[in-house]
Amino acid sequence: MRSDGHLKVTEDGSHTLFSERFGEHYHSTHGAIQESRHVFISSGLAEVDLSSPSILEIGFGTGLNALLSLIYGQENDLPIRYTTIEMYPMSTALVELINYTETLGYADEYRLLHNSEWEEWINITSYFHLKKLEGDLVTTRLTDAYDLIYFDAFSPEAQPELWKESIFGKIANVCNPGAVLTTYSAKGAVRRSLQATGFEVERIPGPPGKREMIRARKL
């Protein structure tokens, strides 16, 4: 099933997508690129001291987190294995309209992120190996082990089934010791669910427009 909605230009000039299905934007309207960089790259990937991290992303969406991670890997000689789960992939027409590569470059790689086959490992670059899983996190079977989790589902109000303690327990079971989880949310219920499933949780400064966010580490 393809994503619905329409594009919106955020305050840093980059696009986000508004989902009619969930009634929310995919990113902060204060700036899509700056939010993703802050929440998932600066607060996540840059904090993982490994020679070849394995990343699990909950919510591929527009592919922005994957593109920024690819760029980080290229610029830092860091091979990355990147698994992402998405129930509602973007249409090819939307992919061609979105403007991330006008700022970031890597236009061919961005298209390949979206157009590559599902359910198998694809070498997007020599530093970035991608597997896309089309489905629902609740029912998708996770078989690999991960060093970093990008938890980027829609809000607990829009997708409450993805923010339950049972889901964080499922993720904890496939985390390597010391694995980091980052999310834009700072809700107390999210913090308590993470703590109950074996994570040490801290609230850290959020991106522009958001005072705090959560970063957690698997004990």
# chains A, B, ... in the order shown; residues from 1 in each chain; ligands from 1
>>> residues_around(residues="range 173-179 of chain A", least_positions_apart="3", cutoff="6 Å", atoms="only C-alpha atoms", output="list in words")
Ala145, Tyr146, Asp147, Leu148, Lys170, Arg217, Lys218 and Leu219 of chain A
>>> residues_around(residues="range 66-72 of chain A", least_positions_apart="2", cutoff="8 Å", atoms="only C-alpha atoms", output="list in words")
Ser36, Arg37, Ile41, Leu45, Phe60, Gly63, Leu64, Gln74, Glu75, Asn76, Leu78, Ile80, Tyr82, Glu109, Tyr110, Leu113, Tyr127 and Phe128 of chain A
>>> residues_around(residues="Tyr26 in chain A", least_positions_apart="4", cutoff="7 Å", atoms="only C-alpha atoms", output="PyMOL selection string")
chain A and resi 16-18
>>> write_last_selection(atoms="C-alpha atoms", output="PDB file, in the first residue's frame")
ATOM      1  CA  THR A  16       8.223  16.845   4.667  1.00  0.00           C
ATOM      2  CA  LEU A  17       5.149  14.819   3.801  1.00  0.00           C
ATOM      3  CA  PHE A  18       1.767  15.248   5.483  1.00  0.00           C
TER       4      PHE A  18
END
>>> closest_residue(among="A:Pro89, A:Ile55, A:Thr101, A:Thr183", to="Asp144 in chain A", atoms="only C-alpha atoms")
A:Ile55
>>> select_by_dssp(residues="range 115-205 of chain A", states="helix (DSSP H, G or I)", output="count of residues only")
21
>>> residues_around(residues="His38 in chain A", least_positions_apart="2", cutoff="10 Å", atoms="only C-alpha atoms", output="list of chain:residue names")
A:Ile33, A:Gln34, A:Glu35, A:Ser36, A:Phe40, A:Ile41, A:Ser42, A:Ser43, A:Gly44, A:Tyr184, A:Pro205, A:Gly206, A:Pro207, A:Pro208
>>> residues_around(residues="Glu117 in chain A", least_positions_apart="4", cutoff="10 Å", atoms="only C-alpha atoms", output="MDAnalysis selection string")
chainID A and resid 112:113 121:122 130:133
>>> closest_residue(among="A:Met213, A:Ala93, A:Glu120, A:Gln159", to="Arg21 in chain A", atoms="only C-alpha atoms")
A:Gln159
>>> select_by_dssp(residues="range 16-171 of chain A", states="strand (DSSP E or B)", output="VMD selection string")
chain A and resid 16 to 19 24 to 25 54 to 58 80 to 86 122 to 125 128 to 134 146 to 151
>>> closest_residue(among="A:Leu181, A:Ala216, A:Met87, A:Val138", to="Tyr150 in chain A", atoms="only C-alpha atoms")
A:Leu181
